[in-house]
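So the structure is just underneath, and the comments pick up after that.
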Amino acid sequence: MNLNCGLHVFMHVLNGKWKANLIWNIHSGIKRPGELHRRLSQASRRLLDTQLKELTEIGILSKKILEQKPLKVEYELTELGKSLLPVFEVTARWGEAHRYLLEPAEATV
């Protein structure tokens, strides 16, 4: 894999249909896997679990296992993960500013 460009590194981190949604939902306070699965119900549970694991392995998320009966798991953004939030905010503003141009084109795809 060619990661000699910062954009390639960024795209490698977010490579996966649901990773950006997972990061944003965790930032918004949804920390438990079941809640994330309900919020992103269009994605399979297995796919979300895989992408949560990948984000944890590269250090974007931390996984906390709460020692209680039954065991509970919570995800949180690491400092590295939090550093993505300004990028997401700028990207969201760009999408809102250009929605009127892009939505009609998306409907024909």
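Residue numbers start at 1 in each chain; chains themselves are named A, B, ... in the order of the structure tokens; ligands are numbered from 1 in the order shown.
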
Per residue of range 11-68 of chain A within 7 Å of range 74-87 of chain A, which atom pair is closest and at what distance in Å (one decimal), using only C-alpha atoms, listed by chain and increasing number, as a Markdown table?
| residue | atom | partner | partner_atom | distance |
| --- | --- | --- | --- | --- |
| A:Ile26 | CA | A:Glu76 | CA | 6.4 |
| A:His27 | CA | A:Leu77 | CA | 6.8 |
| A:Lys31 | CA | A:Tyr75 | CA | 5.0 |
| A:Arg32 | CA | A:Glu74 | CA | 4.7 |
| A:Gly59 | CA | A:Leu80 | CA | 6.8 |
| A:Ile60 | CA | A:Gly81 | CA | 4.2 |
| A:Leu61 | CA | A:Leu77 | CA | 4.6 |
| A:Ser62 | CA | A:Glu76 | CA | 5.3 |
| A:Lys63 | CA | A:Tyr75 | CA | 4.7 |
| A:Lys64 | CA | A:Glu74 | CA | 5.2 |
| A:Ile65 | CA | A:Glu74 | CA | 6.5 |

Name the residues in contact with Gly16 in chain A at a cut-off of 10 Å, using only C-alpha atoms, excluding same-chain residues fewer than 3 positions from it; report them as a PyMOL selection string.
-> chain A and resi 11-13+19-21+47-48+50-51+54

How would you write, as JSON, numbers by chain, the set of residues in chain A that DSSP gives as strand (DSSP E)?
-> {"A": [61, 62, 63, 64, 65, 66, 72, 73, 74, 75, 76, 77]}

How about saving the chosen residues, all heavy atoms kept, as a CSV table (one decimal), in the first residue's frame?
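What ended up in selection.csv:
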chain,number,residue,atom,x,y,z
A,61,LEU,N,-10.1,4.8,18.2
A,61,LEU,CA,-11.0,4.5,19.3
A,61,LEU,C,-10.3,3.7,20.4
A,61,LEU,O,-9.4,3.0,20.1
A,61,LEU,CB,-12.2,3.6,18.8
A,61,LEU,CG,-13.1,4.2,17.7
A,61,LEU,CD1,-14.2,3.2,17.3
A,61,LEU,CD2,-13.7,5.5,18.1
A,62,SER,N,-10.9,3.8,21.6
A,62,SER,CA,-10.5,3.0,22.6
A,62,SER,C,-11.7,2.2,23.1
A,62,SER,O,-12.8,2.7,23.0
A,62,SER,CB,-9.9,3.7,23.8
A,62,SER,OG,-10.9,4.6,24.4
A,63,LYS,N,-11.5,0.9,23.5
A,63,LYS,CA,-12.5,0.1,23.9
A,63,LYS,C,-12.4,-0.2,25.4
A,63,LYS,O,-11.4,-0.6,25.8
A,63,LYS,CB,-12.4,-1.3,23.1
A,63,LYS,CG,-13.5,-2.3,23.4
A,63,LYS,CD,-13.3,-3.5,22.6
A,63,LYS,CE,-14.3,-4.6,22.9
A,63,LYS,NZ,-14.0,-5.8,22.0
A,64,LYS,N,-13.5,0.1,26.1
A,64,LYS,CA,-13.5,-0.1,27.5
A,64,LYS,C,-14.5,-1.2,27.8
A,64,LYS,O,-15.7,-1.1,27.4
A,64,LYS,CB,-13.9,1.2,28.2
A,64,LYS,CG,-13.9,1.1,29.7
A,64,LYS,CD,-14.0,2.4,30.4
A,64,LYS,CE,-14.9,3.4,29.8
A,64,LYS,NZ,-15.2,4.6,30.7
A,65,ILE,N,-14.0,-2.2,28.6
A,65,ILE,CA,-14.9,-3.3,29.0
A,65,ILE,C,-15.2,-3.1,30.5
A,65,ILE,O,-14.4,-3.0,31.3
A,65,ILE,CB,-14.2,-4.7,28.8
A,65,ILE,CG1,-13.9,-4.9,27.3
A,65,ILE,CG2,-15.1,-5.8,29.4
A,65,ILE,CD1,-13.1,-6.1,27.0
A,66,LEU,N,-16.5,-2.9,30.7
A,66,LEU,CA,-17.0,-2.6,32.1
A,66,LEU,C,-17.3,-3.9,32.8
A,66,LEU,O,-18.1,-4.7,32.3
A,66,LEU,CB,-18.3,-1.7,32.0
A,66,LEU,CG,-18.1,-0.4,31.2
A,66,LEU,CD1,-19.5,0.2,31.1
A,66,LEU,CD2,-17.1,0.5,31.9
A,72,LYS,N,-20.3,-5.1,29.8
A,72,LYS,CA,-20.7,-4.1,28.9
A,72,LYS,C,-19.4,-3.5,28.2
A,72,LYS,O,-18.4,-3.5,28.9
A,72,LYS,CB,-21.4,-2.9,29.6
A,72,LYS,CG,-22.8,-3.3,30.1
A,72,LYS,CD,-23.5,-2.2,30.6
A,72,LYS,CE,-24.9,-2.6,31.1
A,72,LYS,NZ,-25.7,-1.5,31.6
A,73,VAL,N,-19.6,-3.1,27.0
A,73,VAL,CA,-18.4,-2.5,26.2
A,73,VAL,C,-18.8,-1.1,25.8
A,73,VAL,O,-20.0,-0.8,25.5
A,73,VAL,CB,-18.1,-3.3,25.0
A,73,VAL,CG1,-17.1,-2.7,24.1
A,73,VAL,CG2,-17.7,-4.7,25.4
A,74,GLU,N,-17.9,-0.2,25.9
A,74,GLU,CA,-18.1,1.2,25.5
A,74,GLU,C,-16.9,1.6,24.6
A,74,GLU,O,-15.7,1.2,24.9
A,74,GLU,CB,-18.2,2.2,26.7
A,74,GLU,CG,-19.5,2.0,27.4
A,74,GLU,CD,-19.7,3.1,28.5
A,74,GLU,OE1,-18.7,3.8,28.8
A,74,GLU,OE2,-20.8,3.2,29.0
A,75,TYR,N,-17.1,2.4,23.6
A,75,TYR,CA,-16.1,2.9,22.8
A,75,TYR,C,-16.0,4.4,23.0
A,75,TYR,O,-17.0,5.1,23.3
A,75,TYR,CB,-16.4,2.7,21.3
A,75,TYR,CG,-16.2,1.2,20.9
A,75,TYR,CD1,-17.3,0.4,20.9
A,75,TYR,CD2,-15.0,0.7,20.6
A,75,TYR,CE1,-17.2,-0.9,20.6
A,75,TYR,CE2,-14.9,-0.6,20.2
A,75,TYR,CZ,-16.0,-1.4,20.2
A,75,TYR,OH,-15.8,-2.8,19.9
A,76,GLU,N,-14.8,4.9,23.0
A,76,GLU,CA,-14.5,6.4,23.1
A,76,GLU,C,-13.5,6.8,22.1
A,76,GLU,O,-12.6,6.0,21.7
A,76,GLU,CB,-14.0,6.7,24.5
A,76,GLU,CG,-15.0,6.5,25.6
A,76,GLU,CD,-14.4,6.9,27.0
A,76,GLU,OE1,-13.3,7.3,27.0
A,76,GLU,OE2,-15.2,6.7,27.9
A,77,LEU,N,-13.5,8.0,21.7
A,77,LEU,CA,-12.5,8.5,20.8
A,77,LEU,C,-11.2,8.8,21.6
A,77,LEU,O,-11.2,9.3,22.7
A,77,LEU,CB,-12.9,9.9,20.2
A,77,LEU,CG,-14.0,9.9,19.2
A,77,LEU,CD1,-14.4,11.3,18.8
A,77,LEU,CD2,-13.7,9.0,18.0

Can you tell me how far CA of Phe88 in chain A sits from CA of Ile23 in chain A, in Å to one decimal?
->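 CA of Ile23 in chain A lies at a distance of 9.5 Å from CA of Phe88 in chain A.
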
What are the DSSP alpha helix (DSSP H) residues of chain A, as a ChimeraX atom specification?
-> /A:6-13,19-27,33-39,45-57,79-82,85-107

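Counting only C-alpha atoms and comparing A:Val9, A:Arg38, A:Pro33, A:Trp24, the residue that lies closest to Ala92 in chain A is A:Trp24.
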
Residues within 12 Å of Arg46 in chain A, only C-alpha atoms, excluding chain neighbours under 4 positions, as a list in words =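 Returned residues: Trp18, Pro33, Gly34, His37, Ser41, Gln42, Thr50, Gln51, Leu52 and Lys53 of chain A.
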